[in-house]
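With compact mmCIF, C-alpha atoms inside, this is work.txt:
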# COMPACT_ATOMS: atom_id res chain seq x y z
CA MET A 1 0.00 0.00 0.00
CA SER A 2 2.71 2.43 0.93
CA ALA A 3 5.29 3.04 -1.76
CA GLY A 4 8.47 1.50 -0.42
CA THR A 5 10.98 4.12 0.70
CA ASP A 6 14.52 2.91 1.30
CA ALA A 7 17.05 4.18 3.86
CA THR A 8 18.13 7.03 1.59
CA GLY A 9 14.53 8.17 1.14
CA LYS A 10 14.31 6.81 -2.38
CA VAL A 11 11.35 5.00 -3.87
CA ALA A 12 11.65 2.08 -6.28
CA ILE A 13 9.62 2.37 -9.47
CA ASP A 14 9.14 0.23 -12.55
CA VAL A 15 8.07 2.13 -15.62
CA THR A 16 8.15 1.59 -19.37
CA VAL A 17 9.56 4.52 -21.34
CA ASN A 18 9.30 4.46 -25.13
CA GLY A 19 8.98 0.69 -25.01
CA ARG A 20 11.99 0.21 -22.73
CA PRO A 21 11.44 -1.11 -19.19
CA VAL A 22 13.15 1.00 -16.51
CA SER A 23 13.56 -0.08 -12.89
CA THR A 24 15.17 2.45 -10.64
CA ALA A 25 15.01 4.20 -7.28
CA ILE A 26 14.19 7.90 -7.23
CA PRO A 27 13.75 10.65 -4.66
CA VAL A 28 10.05 10.78 -3.81
CA GLN A 29 9.78 14.47 -4.75
CA GLU A 30 11.25 14.06 -8.25
CA THR A 31 8.98 15.29 -11.06
CA ALA A 32 8.36 13.28 -14.22
CA ALA A 33 10.21 15.96 -16.20
CA GLU A 34 13.29 15.66 -13.95
CA PHE A 35 13.07 11.88 -14.17
CA LEU A 36 12.92 11.84 -17.97
CA ARG A 37 15.48 14.56 -18.61
CA ASP A 38 18.02 14.22 -15.84
CA ARG A 39 17.82 10.53 -14.97
CA LEU A 40 17.09 8.99 -18.37
CA GLY A 41 18.72 11.67 -20.54
CA LEU A 42 15.57 12.12 -22.61
CA THR A 43 16.02 15.86 -23.06
CA GLY A 44 13.53 16.11 -25.92
CA THR A 45 10.95 16.86 -23.26
CA LYS A 46 11.40 20.56 -22.51
CA VAL A 47 10.56 22.57 -19.42
CA SER A 48 9.62 26.20 -19.85
CA CYS A 49 6.94 27.67 -17.57
CA ASP A 50 7.36 24.80 -15.08
CA MET A 51 3.72 25.43 -14.01
CA GLN A 52 1.74 23.28 -16.51
CA VAL A 53 0.47 26.15 -18.63
CA CYS A 54 2.86 26.21 -21.62
CA GLY A 55 2.77 22.58 -22.73
CA ALA A 56 6.49 22.25 -23.56
CA CYS A 57 6.79 19.26 -21.21
CA SER A 58 3.78 17.35 -22.59
CA VAL A 59 4.31 13.58 -22.61
CA LEU A 60 1.88 10.66 -22.79
CA VAL A 61 1.29 8.39 -19.80
CA ASP A 62 -0.74 5.33 -20.74
CA ASN A 63 -1.56 7.29 -23.91
CA VAL A 64 -2.99 10.25 -21.96
CA PRO A 65 -1.25 13.63 -22.17
CA ILE A 66 0.20 15.09 -18.97
CA SER A 67 2.41 18.02 -18.02
CA ALA A 68 5.60 16.29 -16.88
CA CYS A 69 6.66 19.38 -14.91
CA THR A 70 3.82 19.03 -12.43
CA TYR A 71 3.52 15.25 -12.24
CA LEU A 72 5.34 13.19 -9.64
CA ALA A 73 7.68 10.57 -11.05
CA VAL A 74 6.49 8.10 -8.38
CA ASP A 75 3.06 8.31 -10.04
CA LEU A 76 4.62 6.82 -13.19
CA ALA A 77 5.03 3.48 -11.37
CA GLY A 78 3.57 0.69 -13.49
CA ARG A 79 2.73 3.10 -16.32
CA THR A 80 3.85 3.39 -19.93
CA VAL A 81 5.41 6.71 -20.92
CA ARG A 82 5.88 8.03 -24.44
CA THR A 83 8.10 11.01 -25.19
CA VAL A 84 9.12 12.73 -28.42
CA GLU A 85 12.13 10.37 -28.63
CA GLY A 86 9.68 7.49 -29.09
CA LEU A 87 7.76 8.92 -32.06
CA ALA A 88 10.14 7.89 -34.84
CA THR A 89 10.85 4.28 -35.75
CA GLY A 90 14.60 4.26 -36.33
CA ASP A 91 15.14 6.94 -38.97
CA ASP A 92 11.49 6.88 -40.04
CA LEU A 93 9.78 9.92 -38.65
CA SER A 94 6.13 9.70 -37.69
CA ALA A 95 3.57 11.21 -40.05
CA LEU A 96 3.17 14.18 -37.71
CA GLN A 97 6.91 14.78 -37.51
CA ARG A 98 7.11 14.76 -41.34
CA ALA A 99 4.16 17.12 -41.61
CA PHE A 100 5.75 19.52 -39.08
CA LEU A 101 8.89 19.56 -41.27
CA GLN A 102 6.93 20.09 -44.47
CA ARG A 103 4.86 22.92 -43.03
CA TYR A 104 7.77 24.51 -41.14
CA ALA A 105 5.62 24.17 -38.04
CA TYR A 106 8.51 25.22 -35.81
CA GLN A 107 11.13 27.91 -35.66
CA CYS A 108 13.18 27.80 -32.49
CA GLY A 109 11.81 24.32 -31.81
CA PHE A 110 11.56 24.59 -28.04
CA CYS A 111 7.80 23.97 -27.93
CA THR A 112 7.82 21.43 -30.77
CA SER A 113 8.10 18.21 -28.80
CA GLY A 114 5.17 19.26 -26.62
CA PHE A 115 3.07 20.08 -29.66
CA LEU A 116 4.02 16.78 -31.30
CA MET A 117 2.99 14.79 -28.24
CA MET A 118 -0.31 16.64 -27.90
CA ALA A 119 -1.01 16.25 -31.62
CA THR A 120 -0.15 12.55 -31.41
CA SER A 121 -2.65 12.06 -28.59
CA LEU A 122 -5.31 14.11 -30.40
CA LEU A 123 -5.10 12.03 -33.59
CA GLU A 124 -5.10 8.78 -31.63
CA ARG A 125 -8.25 9.92 -29.88
CA ASN A 126 -9.87 11.56 -32.89
CA PRO A 127 -8.23 10.76 -36.26
CA HIS A 128 -10.26 13.39 -38.14
CA PRO A 129 -10.56 16.48 -35.97
CA THR A 130 -12.00 19.72 -37.26
CA GLU A 131 -9.76 22.79 -37.23
CA GLU A 132 -11.70 24.05 -34.23
CA GLN A 133 -11.08 20.78 -32.37
CA VAL A 134 -7.35 21.00 -33.12
CA VAL A 135 -7.17 24.57 -31.81
CA GLU A 136 -9.18 23.68 -28.73
CA TYR A 137 -7.05 20.63 -27.92
CA LEU A 138 -3.84 22.63 -28.23
CA ASP A 139 -4.96 25.69 -26.34
CA GLY A 140 -2.69 24.77 -23.42
CA ASN A 141 0.42 24.79 -25.64
CA ILE A 142 2.29 28.00 -26.30
CA CYS A 143 4.43 28.77 -29.36
CA ARG A 144 6.00 32.22 -29.55
CA CYS A 145 7.46 31.78 -33.06
CA THR A 146 5.06 30.37 -35.61
CA GLY A 147 1.76 32.05 -34.86
CA TYR A 148 0.30 28.51 -34.71
CA ARG A 149 -1.03 28.46 -38.31
CA PRO A 150 1.58 26.02 -39.68
CA ILE A 151 1.19 23.77 -36.62
CA VAL A 152 -2.57 23.51 -37.12
CA ASP A 153 -2.07 22.97 -40.86
CA ALA A 154 0.45 20.19 -40.26
CA ILE A 155 -1.96 18.35 -37.98
CA LEU A 156 -4.85 18.80 -40.41
CA ASP A 157 -2.62 17.49 -43.24
CA VAL A 158 -2.02 14.25 -41.34
CA ALA A 159 -5.71 13.96 -40.47
CA ALA A 160 -6.63 14.40 -44.15
CA GLU A 161 -4.08 11.77 -45.26
CA SER A 162 -5.28 9.08 -42.87
CA SER A 163 -8.12 6.91 -44.04
CA MET B 164 11.92 21.52 -8.10
CA ILE B 165 10.29 20.23 -4.94
CA THR B 166 12.89 20.49 -2.19
CA GLU B 167 11.25 18.67 0.72
CA ALA B 168 10.75 14.90 0.76
CA PHE B 169 7.50 13.41 2.05
CA ARG B 170 5.94 10.06 2.78
CA HIS B 171 3.96 8.72 -0.18
CA SER B 172 1.13 6.18 0.02
CA ARG B 173 -0.86 4.59 -2.73
CA PRO B 174 -4.02 2.91 -1.37
CA VAL B 175 -6.16 0.90 -3.77
CA THR B 176 -9.30 0.62 -1.64
CA LEU B 177 -11.46 3.26 0.03
CA PRO B 178 -11.11 1.88 3.57
CA ASP B 179 -7.32 1.86 3.18
CA ALA B 180 -7.41 5.45 1.94
CA VAL B 181 -9.53 6.66 4.83
CA ALA B 182 -7.27 4.86 7.32
CA LEU B 183 -4.31 6.86 5.98
CA LEU B 184 -5.97 10.26 6.28
CA GLY B 185 -5.42 12.59 9.21
CA GLU B 186 -3.87 15.87 10.30
CA ASP B 187 -0.49 15.18 8.68
CA SER B 188 -1.74 13.73 5.39
CA THR B 189 -2.69 15.35 2.12
CA PRO B 190 -4.86 13.39 -0.30
CA TYR B 191 -4.39 14.10 -4.00
CA ALA B 192 -5.29 12.67 -7.38
CA GLY B 193 -4.36 14.64 -10.50
CA GLY B 194 -2.07 16.89 -8.50
CA THR B 195 -2.69 19.73 -10.94
CA GLU B 196 -3.05 22.20 -8.08
CA LEU B 197 -1.07 20.45 -5.34
CA ILE B 198 2.16 19.71 -7.20
CA ALA B 199 2.28 23.27 -8.52
CA ALA B 200 1.77 24.62 -4.98
CA MET B 201 4.50 22.31 -3.67
CA LYS B 202 6.93 23.56 -6.30
CA LEU B 203 6.25 27.11 -5.18
CA GLY B 204 6.82 26.06 -1.57
CA LEU B 205 3.28 27.13 -0.66
CA VAL B 206 2.45 23.63 0.57
CA VAL B 207 4.94 21.34 2.30
CA PRO B 208 3.06 18.10 2.94
CA GLU B 209 4.35 15.45 5.31
CA HIS B 210 2.44 12.60 3.77
CA LEU B 211 0.85 12.42 0.32
CA VAL B 212 -1.94 9.92 -0.20
CA ASP B 213 -2.44 9.15 -3.88
CA LEU B 214 -6.10 8.41 -4.65
CA LYS B 215 -5.64 7.75 -8.39
CA ARG B 216 -5.59 3.99 -8.11
CA ILE B 217 -8.83 3.49 -6.22
CA PRO B 218 -11.24 2.12 -8.85
CA GLU B 219 -14.35 2.87 -6.73
CA LEU B 220 -13.64 6.60 -7.02
CA CYS B 221 -13.50 6.59 -10.81
CA LYS B 222 -17.02 5.49 -11.75
CA ILE B 223 -19.97 7.38 -13.23
CA SER B 224 -23.45 5.97 -12.76
CA VAL B 225 -27.03 7.06 -13.08
CA THR B 226 -30.14 5.88 -11.32
CA GLU B 227 -33.70 6.84 -12.16
CA HIS B 228 -33.25 10.40 -10.93
CA GLU B 229 -29.68 10.79 -9.77
CA LEU B 230 -26.29 11.14 -11.41
CA VAL B 231 -23.41 9.90 -9.26
CA ILE B 232 -19.86 10.78 -10.28
CA GLY B 233 -16.88 9.40 -8.39
CA SER B 234 -14.64 12.12 -7.00
CA GLY B 235 -11.65 10.57 -8.79
CA CYS B 236 -13.19 11.00 -12.23
CA THR B 237 -11.13 13.38 -14.33
CA HIS B 238 -12.69 16.41 -15.99
CA ASP B 239 -11.97 14.75 -19.33
CA GLN B 240 -13.77 11.57 -18.25
CA VAL B 241 -16.84 13.59 -17.23
CA ALA B 242 -16.75 15.71 -20.39
CA ARG B 243 -16.72 12.64 -22.62
CA SER B 244 -19.04 10.41 -20.60
CA GLU B 245 -22.03 9.26 -22.67
CA THR B 246 -24.02 9.17 -19.44
CA VAL B 247 -23.21 12.75 -18.48
CA LEU B 248 -23.73 13.98 -22.06
CA ASP B 249 -27.15 12.35 -21.96
CA VAL B 250 -28.48 13.40 -18.56
CA PHE B 251 -26.57 16.59 -17.67
CA PRO B 252 -25.03 17.99 -20.87
CA MET B 253 -24.15 21.34 -19.27
CA LEU B 254 -21.77 19.56 -16.91
CA ALA B 255 -20.09 17.75 -19.81
CA ALA B 256 -19.59 21.06 -21.63
CA LEU B 257 -18.39 22.82 -18.47
CA THR B 258 -15.83 20.17 -17.55
CA GLY B 259 -14.66 20.15 -21.18
CA GLN B 260 -13.58 23.80 -20.76
CA ILE B 261 -11.63 23.53 -17.49
CA GLY B 262 -7.95 24.55 -17.56
CA ASN B 263 -6.29 22.98 -20.57
CA THR B 264 -6.26 19.51 -22.11
CA ARG B 265 -3.68 18.16 -19.65
CA VAL B 266 -5.40 19.69 -16.63
CA ARG B 267 -8.57 17.94 -17.80
CA THR B 268 -6.91 14.55 -18.28
CA GLN B 269 -5.31 14.72 -14.81
CA GLY B 270 -7.48 16.97 -12.65
CA THR B 271 -10.45 15.37 -10.91
CA ILE B 272 -13.81 16.75 -9.88
CA GLY B 273 -13.16 15.87 -6.24
CA GLY B 274 -9.80 17.59 -6.33
CA ASN B 275 -11.26 20.69 -7.96
CA LEU B 276 -13.97 21.01 -5.31
CA CYS B 277 -11.71 20.23 -2.34
CA PHE B 278 -8.95 22.59 -3.44
CA ALA B 279 -11.68 25.27 -3.31
CA ASP B 280 -10.01 27.68 -5.70
CA PRO B 281 -12.37 30.65 -5.89
CA ARG B 282 -11.93 30.65 -9.66
CA SER B 283 -13.54 27.28 -10.30
CA ASP B 284 -15.99 26.54 -13.11
CA LEU B 285 -17.09 23.32 -11.49
CA ALA B 286 -18.21 24.74 -8.15
CA THR B 287 -20.37 27.31 -9.93
CA GLY B 288 -22.13 24.68 -12.03
CA LEU B 289 -22.61 22.23 -9.18
CA VAL B 290 -24.00 24.82 -6.77
CA ALA B 291 -26.48 25.81 -9.48
CA ALA B 292 -27.56 22.18 -9.84
CA ARG B 293 -27.89 21.90 -6.04
CA ALA B 294 -25.41 19.02 -6.12
CA THR B 295 -24.27 17.24 -2.97
CA VAL B 296 -21.08 15.36 -2.12
CA ASP B 297 -20.67 12.08 -0.30
CA VAL B 298 -18.04 12.40 2.40
CA LEU B 299 -16.43 9.38 4.04
CA GLY B 300 -14.39 9.36 7.22
CA PRO B 301 -13.59 7.21 10.25
CA ARG B 302 -16.95 8.21 11.80
CA GLY B 303 -18.83 7.01 8.72
CA GLY B 304 -20.38 8.78 5.77
CA ARG B 305 -22.29 12.03 5.42
CA LEU B 306 -23.82 14.09 2.64
CA ILE B 307 -23.01 17.80 2.22
CA PRO B 308 -24.45 20.24 -0.33
CA VAL B 309 -21.63 21.63 -2.51
CA GLN B 310 -22.62 25.12 -1.39
CA GLU B 311 -21.80 24.11 2.19
CA LEU B 312 -18.61 22.25 1.25
CA ILE B 313 -16.84 25.37 0.01
CA LEU B 314 -16.29 27.82 2.85
CA GLY B 315 -13.93 30.24 1.15
CA PRO B 316 -10.59 30.38 -0.68
CA LEU B 317 -8.87 27.01 -0.25
CA ALA B 318 -11.18 26.20 2.69
CA THR B 319 -13.75 23.41 2.89
CA SER B 320 -16.00 22.01 5.61
CA ILE B 321 -14.56 18.50 5.49
CA GLU B 322 -12.22 17.29 8.23
CA PRO B 323 -8.58 16.28 7.57
CA ASP B 324 -9.50 12.61 8.05
CA GLU B 325 -12.43 12.78 5.62
CA LEU B 326 -12.63 12.27 1.88
CA VAL B 327 -15.13 13.36 -0.75
CA THR B 328 -16.01 10.13 -2.53
CA SER B 329 -18.65 11.24 -5.04
CA VAL B 330 -20.80 14.06 -6.34
CA ARG B 331 -24.57 13.56 -6.63
CA VAL B 332 -26.90 15.52 -8.86
CA ASP B 333 -30.66 15.16 -8.66
CA LEU B 334 -31.78 15.01 -12.28
CA ARG B 335 -35.49 15.63 -11.70
CA ASP B 336 -36.70 18.81 -13.29
CA LEU B 337 -33.24 19.80 -14.47
CA ASP B 338 -35.13 21.38 -17.33
CA PHE B 339 -32.99 24.39 -18.07
CA GLN B 340 -29.23 24.42 -17.62
CA GLU B 341 -26.75 26.94 -18.96
CA TYR B 342 -23.26 28.04 -18.01
CA GLN B 343 -21.43 31.00 -19.50
CA ARG B 344 -18.01 32.23 -18.57
CA VAL B 345 -15.18 34.53 -19.50
CA ALA B 346 -11.73 32.96 -19.21
CA PRO B 347 -8.94 34.96 -20.85
CA LYS B 348 -6.44 32.47 -19.43
CA GLU B 349 -6.77 29.05 -17.79
CA ARG B 350 -9.16 30.06 -15.04
CA PRO B 351 -12.45 31.93 -15.40
CA ILE B 352 -12.69 35.52 -14.20
CA VAL B 353 -16.47 35.21 -14.08
CA GLY B 354 -18.86 32.30 -14.49
CA VAL B 355 -22.64 32.58 -14.46
CA CYS B 356 -24.86 29.54 -14.29
CA VAL B 357 -28.64 29.24 -14.37
CA VAL B 358 -30.49 26.02 -13.64
CA GLY B 359 -34.26 25.89 -13.82
CA ARG B 360 -36.50 23.21 -12.43
CA LEU B 361 -40.13 22.82 -11.50
CA SER B 362 -39.23 23.63 -7.93
CA GLY B 363 -37.66 26.94 -8.89
CA TRP B 364 -34.78 28.67 -10.56
CA ARG B 365 -31.27 29.35 -9.35
CA MET B 366 -28.65 31.73 -10.69
CA VAL B 367 -25.06 31.36 -9.46
CA VAL B 368 -22.15 33.73 -9.91
CA GLY B 369 -18.75 32.11 -9.53
CA ALA B 370 -15.06 33.00 -9.93
CA ALA B 371 -15.94 36.59 -9.00
CA THR B 372 -16.11 36.12 -5.24
CA TYR B 373 -14.32 33.85 -2.76
CA GLN B 374 -17.04 31.26 -3.11
CA PRO B 375 -20.05 30.89 -5.42
CA VAL B 376 -23.02 33.13 -4.56
CA TRP B 377 -26.55 32.36 -5.66
CA LEU B 378 -30.12 33.57 -5.89
CA ASP B 379 -33.20 31.35 -5.85
CA ALA B 380 -36.33 32.53 -7.63
CA ASP B 381 -39.72 31.24 -8.69
CA SER B 382 -39.37 32.37 -12.29
CA PRO B 383 -36.56 33.46 -14.61
CA ASP B 384 -37.68 37.10 -14.70
CA GLU B 385 -36.85 37.32 -10.99
CA LEU B 386 -33.21 36.33 -11.61
CA SER B 387 -31.78 39.78 -11.00
CA THR B 388 -28.04 40.28 -10.73
CA GLU B 389 -28.67 43.37 -8.56
CA ARG B 390 -30.48 41.21 -6.02
CA LEU B 391 -27.96 38.40 -6.29
CA LEU B 392 -24.97 40.67 -5.70
CA ALA B 393 -26.53 43.05 -3.18
CA GLY B 394 -23.94 43.57 -0.45
CA VAL B 395 -21.44 41.21 -2.14
CA ASP B 396 -17.87 42.43 -2.74
CA LEU B 397 -16.38 41.10 -5.96
CA MET B 398 -12.69 40.15 -6.19
CA SER B 399 -10.02 42.21 -7.87
CA ASP B 400 -6.89 40.41 -9.02
CA SER B 401 -4.25 40.62 -11.73
CA ASP B 402 -6.67 39.26 -14.33
CA ALA B 403 -9.73 41.46 -13.69
CA SER B 404 -10.91 44.29 -11.48
CA ALA B 405 -14.06 44.07 -9.40
CA GLU B 406 -15.69 46.66 -11.68
CA TYR B 407 -14.95 44.62 -14.80
CA ARG B 408 -16.23 41.47 -13.14
CA ARG B 409 -19.44 43.28 -12.21
CA HIS B 410 -19.89 44.31 -15.84
CA LEU B 411 -19.30 40.75 -17.06
CA VAL B 412 -21.81 39.30 -14.60
CA ASP B 413 -24.53 41.47 -16.15
CA VAL B 414 -23.49 40.60 -19.70
CA LEU B 415 -23.38 36.84 -19.09
CA ALA B 416 -26.56 36.80 -17.00
CA ALA B 417 -28.42 38.72 -19.72
CA ARG B 418 -27.23 36.25 -22.37
CA ILE B 419 -28.73 33.41 -20.39
CA VAL B 420 -31.85 35.03 -18.98
CA GLN B 421 -33.02 37.33 -21.79
CA PRO B 422 -33.99 34.50 -24.17
CA LEU B 423 -36.05 33.00 -21.33
CA ILE B 424 -38.10 36.11 -20.62
CA GLY B 425 -38.35 37.63 -24.08
CA PRO B 426 -37.23 41.00 -25.35
CA ARG B 427 -36.72 43.92 -23.02
CA ARG B 428 -39.83 46.05 -22.68

Final structure tokens representation of the file:
Amino acid sequence: MSAGTDATGKVAIDVTVNGRPVSTAIPVQETAAEFLRDRLGLTGTKVSCDMQVCGACSVLVDNVPISACTYLAVDLAGRTVRTVEGLATGDDLSALQRAFLQRYAYQCGFCTSGFLMMATSLLERNPHPTEEQVVEYLDGNICRCTGYRPIVDAILDVAAESS
Amino acid sequence: MITEAFRHSRPVTLPDAVALLGEDSTPYAGGTELIAAMKLGLVVPEHLVDLKRIPELCKISVTEHELVIGSGCTHDQVARSETVLDVFPMLAALTGQIGNTRVRTQGTIGGNLCFADPRSDLATGLVAARATVDVLGPRGGRLIPVQELILGPLATSIEPDELVTSVRVDLRDLDFQEYQRVAPKERPIVGVCVVGRLSGWRMVVGAATYQPVWLDADSPDELSTERLLAGVDLMSDSDASAEYRRHLVDVLAARIVQPLIGPRR
């Protein structure tokens, strides 16, 4: 019932990250973003506002989007995490990643992994969203470069391509 | 970064959860408010009790005249529930607007109510619907109207060893239901909700005061914002002044009420 804390105050967790099982002991107060970036070296997940409003740290936990900055890593125990590093298969980018390239749906790129993860979860949930649904789903993700138009277009391109 | 360590428990049954609650424990589910507050150092809990893995708290059911939503249901779960869409569509629409997508997939209705943020959409809608909450503690269970649960900013009437387990909405005569809000950022600066039933009408103003305020009336033409807000001080904060909130209350209330009572004479 109680998560096991060892003598150093660490908690053991088992979690699957991008298909890879990870078993480790972490400080109980570690956030999911710290766990992914600092412990596993998966720095594709970015931290910007650090208060769950900008979306840069969006990752999927059991296919549901979360803000990794305000999510405890201990709560990942037994869960499956997907980050931007898991979207491509080898050198084959996902359809969304290709569409983002084609539409130049990024400039500085800092928000891009968050947008890609949110867009991935949107299309898994609703393969043919309307433009309004895309905008609504992404309203918790901030991009200060593109003005959003190419991001929305890239997502709608992928939706239109899928049968 | 959260600097202070804490004890962390993960009960999977309700009795186990209640047994862990007390003065030094802090229950949480989505953590959308709590973890942020911990990062800011505003809250330094000794013992976190994670309620996410208690299946009993995550169910939505409906009887002949009552909707029962487990306190651990996320806003997203409520917004997309066929049951809620069918019997209380306003609540589905309201929960579908809370925060952002990730707040909705993580944040729960019980957490929203018990955090008692004055700028809550949910409290406004549930007070309008005269909803009640089931509370469970070591002394047994009790039922509290939502309007009596929320005492003020971040203050509720439940004890540290008690837990809100579900929200109940009586569906009889829930004939008219509408919620309108203005939310320039994640949280509303004003929400106005009107629910009409055979037994009367209720208008609630939320996110403009420390807790929702309401007016009961026999007919929609008696739903006056002047009467509702008589003697009530509205909040001023970095997102809106009290004067602007007062203006918005009238605009939103008119949008809901005017179609019910016909054109202005």

Counting only C-alpha atoms, a student should be able to say which residues of chain A come within 10 Å of chain B; what is the right answer, written as number ranges by chain?
A: 1-5, 9-11, 27-31, 33-34, 50-55, 58-60, 64-72, 74-75, 118, 122, 136-141

Do you know which residues lie at most 8 Å from (-24.6, 13.0, -8.5), with coordinates as in the file and all atoms listed in the file counted, and could you write them as a ChimeraX atom specification?
/B:225,229-232,294-296,329-333

I'd like the neighbourhood of Cys145 in chain A as an MDAnalysis selection string, where a residue qualifies if any of its atoms comes within 8 Å (using only C-alpha atoms), though same-chain residues fewer than 5 positions away should be ignored.
chainID A and resid 106:108

Between CA of Tyr373 in chain B and CA of Val353 in chain B, distance in Å (one decimal):
11.6 Å

Mind listing whatever residues come within 10 Å of the point (-4.1, 18.3, -35.4)? Use only C-alpha atoms, file coordinates, and give them as number ranges by chain.
A: 96, 115-116, 118-123, 126-138, 151-160

At a cut-off of 12 Å, using only C-alpha atoms, what residues contact Phe278 in chain B? Leave out same-chain residues fewer than 6 positions from it and give the result as a count of residues only.
27

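Interatomic distance, CA of Asp284 in chain B to CA of Val368 in chain B: 10.0 Å.
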
Would you please work out which residue, of A:Asp62, A:Arg125, A:Gly78, A:Met117, is nearest to Ser94 in chain A when using all atoms listed in the file?
A:Met117

Distance in Å - CA of Gly288 in chain B versus CA of Val376 in chain B:
11.3 Å
